[in-house]
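> The structure is given below, and queries will be raised subsequently.
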Amino acid sequence: MTPPTATSQAPVSATGVTTPVRAPVVTGLGILAPTGIGTEEHWSAVLAGRSAIDRITLFDPAPYPVKHAGQVPGFVAKERVPSRLISQTDRWTHLGLAAAEAAIADAGVVPAELPEYEMAVVTSSSSGGTEFGQHEMENLYQHAPDWVGAYQSIAWFYAATTGQISIRHGLRGPCGVLCCEQAGGLDAIGQARRLIRTGAKLVMTGGTDASLCPYGLTAQLTTGRLSTVQDPARAYLPFDAEASGYLPGEGGALLVVEDADAAEARGAGPGYGRVLGYAAAFDPPPGSDRGPVLARTVRSALADAGLDAAAVDVVFADALGVPDADRAEAAALAEVFGPRGVPVTAPKTLTGRLYGGGAALDAATALLALRDQVVPHTVGPAAPVSGYEIDLVLGEPRRAGLRTALVVARGHGGFNAALVLGHPQQDVPGDNEK
């Protein structure tokens with residue numbers, strides 16, 4: 001790999017200031033996933049290939065064609081979330097609050113000791129407070145409007161988790177939410193980097209989701225892309241000849257992303273890795289004579305990082321599990337990296353697709369791969385379909401020298417996103433321009 005030498009220029013900020021910047025550093029991870037609560041529990045499950053897909057227990061799935069999903073094990077909101085917030089917010093926000101608490105602790109940061117308006121929150125949301133909304137709709141239809149609680153007006157809202165994290169921890173800088181389905185987690189991290197380039201010192205970012213309720217599952221089924229295979233071990237098989245769709249899941253990850261100089265000043269250490277590049281684009285509408293844009297999105301993210309394709313050591317794939325989508329992704333990766341040109345993995349087969357939390361969890365997992373110099377394997381698929389020219393890591397984790405990881409994600413409706421993450425010790429643009 002040839003280290004980039006160009007200076008990374010920040011975009012012009014609202015104040016008109018443009019300055020060379022160092023790549024932001026990820027200093028904290030908070031993971032609540034079907035594979036476990038906590039970073040190391042999740043990571044050990046990923047490396048062991050322990051699937052968290054099982055029969056849905058949050059409600060009776062018997063009437064539905066999809067009966068299996070990834071659920072966060074042993075999560076009890078009252079043990080991790082203030083009681084007054086439990087009645088005011090949805091399970092998706094409960095998971096987000098717990099993940100934020102864990103990420104802050106992991107980063108070793110005390111928000112009260114930092115300037116409150118230099119700390120921001122940007123999260124991803126796919127469907128908002130689905131379970132909370134279902135219960136309130138039941139109150140409306142089964143009883144009367146005055147049975148609907150006042151908190152319905154905020155608990156369902158896509159930005160509820162962002163707002164609650166901001167209030168709870170005093171993070172009063174710019175706040176926002178990205179609603180891009182599975183791609184949203186990467187878009188949130190990309191926005192976090194943008195905020196740091198324009199003055200924020202710390203951003204809580206990433207996403208969680210919790211749409212495992214009758215209303216949520218019914219909505220998901222309308223895409224026609226969920227697998228109805230009844231054997232949970234054979235239901236979600238991306239890039240495999242038996243691919244039949246995907247299974248849903250809940251949970252996700254939140255990350256503390258910091259300005260590199262500010263992190264050093266408070267003694268944060270090197271962190272898990274750096275956010276080197278990001279790009280987003282949209283597929284053309286159905287029936288268009290233009291093709292998918294994933295390859296272009298990946299190239300744009302690499303260009304944003306100042307890297308070429310040869311610098312990428314591992315790709316965390318979107319891995320939808322739908323044959324036409326898998327074919328398009330495999331073709332895009334082969335186009336950018338060459339046939340079987342880079343190891344590809346999809347640990348999300350252990351959890352299901354987590355929608356607003358999925359890509360953020362992939363980013364966190366990629367950072368752990370960089371930390372431990374190992375590519376986790378993909379559990380489920382037997383081999384890539386003939387003609388899919390990708391080096392899909394199967395069977396067991398693969399030891400490798402990892403400096404740069406690419407995470408790709410696609411969201412329902414045409415969203416595409418790509419994120420380039422670097423090892424904390426990697427030379428990146430702007431580091432010599434302090």
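As shown in the structure tokens, the chain order sets the letters A, B, ...; within each chain, residues go from 1, and ligands are also counted from 1 in the order they appear.
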Mind the document's chain letters and residue numbers, and return as a PyMOL selection string the residues of range 290-433 of chain A that DSSP labels alpha helix (DSSP H).

chain A and resi 294-305+323-337+358-372

> Per residue of range 334-358 of chain A within 9 Å of range 63-77 of chain A, which atom pair is closest and at what distance in Å (one decimal), using only C-alpha atoms, listed by chain and increasing number, as JSON lines?


```
{"residue": "A:Leu350", "atom": "CA", "partner": "A:Gly70", "partner_atom": "CA", "distance": 7.7}
{"residue": "A:Thr351", "atom": "CA", "partner": "A:Gly70", "partner_atom": "CA", "distance": 4.8}
{"residue": "A:Gly352", "atom": "CA", "partner": "A:Gly70", "partner_atom": "CA", "distance": 5.5}
{"residue": "A:Arg353", "atom": "CA", "partner": "A:Gly70", "partner_atom": "CA", "distance": 8.2}
{"residue": "A:Leu354", "atom": "CA", "partner": "A:Gly70", "partner_atom": "CA", "distance": 8.3}
```

> Got time to write the residues from that selection, N, CA, C and O atoms, as an mmCIF file, in the first residue's frame?


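Contents of out14.cif, as written:
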```
data_model
loop_
_atom_site.group_PDB
_atom_site.id
_atom_site.type_symbol
_atom_site.label_atom_id
_atom_site.label_comp_id
_atom_site.auth_asym_id
_atom_site.auth_seq_id
_atom_site.Cartn_x
_atom_site.Cartn_y
_atom_site.Cartn_z
ATOM 1 N N LEU A 350 -25.033 -13.820 11.345
ATOM 2 C CA LEU A 350 -25.203 -14.273 12.729
ATOM 3 C C LEU A 350 -26.303 -13.511 13.455
ATOM 4 O O LEU A 350 -26.812 -13.994 14.475
ATOM 5 N N THR A 351 -26.646 -12.341 12.970
ATOM 6 C CA THR A 351 -27.574 -11.451 13.681
ATOM 7 C C THR A 351 -28.854 -11.146 12.931
ATOM 8 O O THR A 351 -29.835 -10.703 13.533
ATOM 9 N N GLY A 352 -28.861 -11.364 11.609
ATOM 10 C CA GLY A 352 -29.902 -10.816 10.767
ATOM 11 C C GLY A 352 -29.567 -9.373 10.434
ATOM 12 O O GLY A 352 -28.616 -8.790 10.964
ATOM 13 N N ARG A 353 -30.330 -8.795 9.536
ATOM 14 C CA ARG A 353 -30.115 -7.395 9.169
ATOM 15 C C ARG A 353 -30.811 -6.511 10.193
ATOM 16 O O ARG A 353 -31.998 -6.674 10.467
ATOM 17 N N LEU A 354 -30.059 -5.578 10.751
ATOM 18 C CA LEU A 354 -30.553 -4.755 11.857
ATOM 19 C C LEU A 354 -31.048 -3.392 11.406
ATOM 20 O O LEU A 354 -31.227 -2.497 12.236
#
```

> Skipping near chain neighbours, those fewer than 2 positions away, what residues fall within 10 Å of Leu195 in chain A using only C-alpha atoms, listed as number ranges by chain?

A: 13, 118-122, 173-175, 189-193, 197-203, 259

> Identify which of the residues A:Ala219, A:Ala155, A:Ile31, A:Ala359 lies closest to Asn416 in chain A, counting only C-alpha atoms when measuring atom-to-atom distances.

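Between A:Ala219, A:Ala155, A:Ile31, A:Ala359, the residue approaching Asn416 in chain A most closely is A:Ala359.
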
> Tell me which protein, DNA and RNA residues are within 7 Å of Pro339 in chain A, counting only C-alpha atoms, leaving out same-chain ones fewer than 3 positions away, and put them as a VMD selection string.

chain A and resid 334 389 to 390
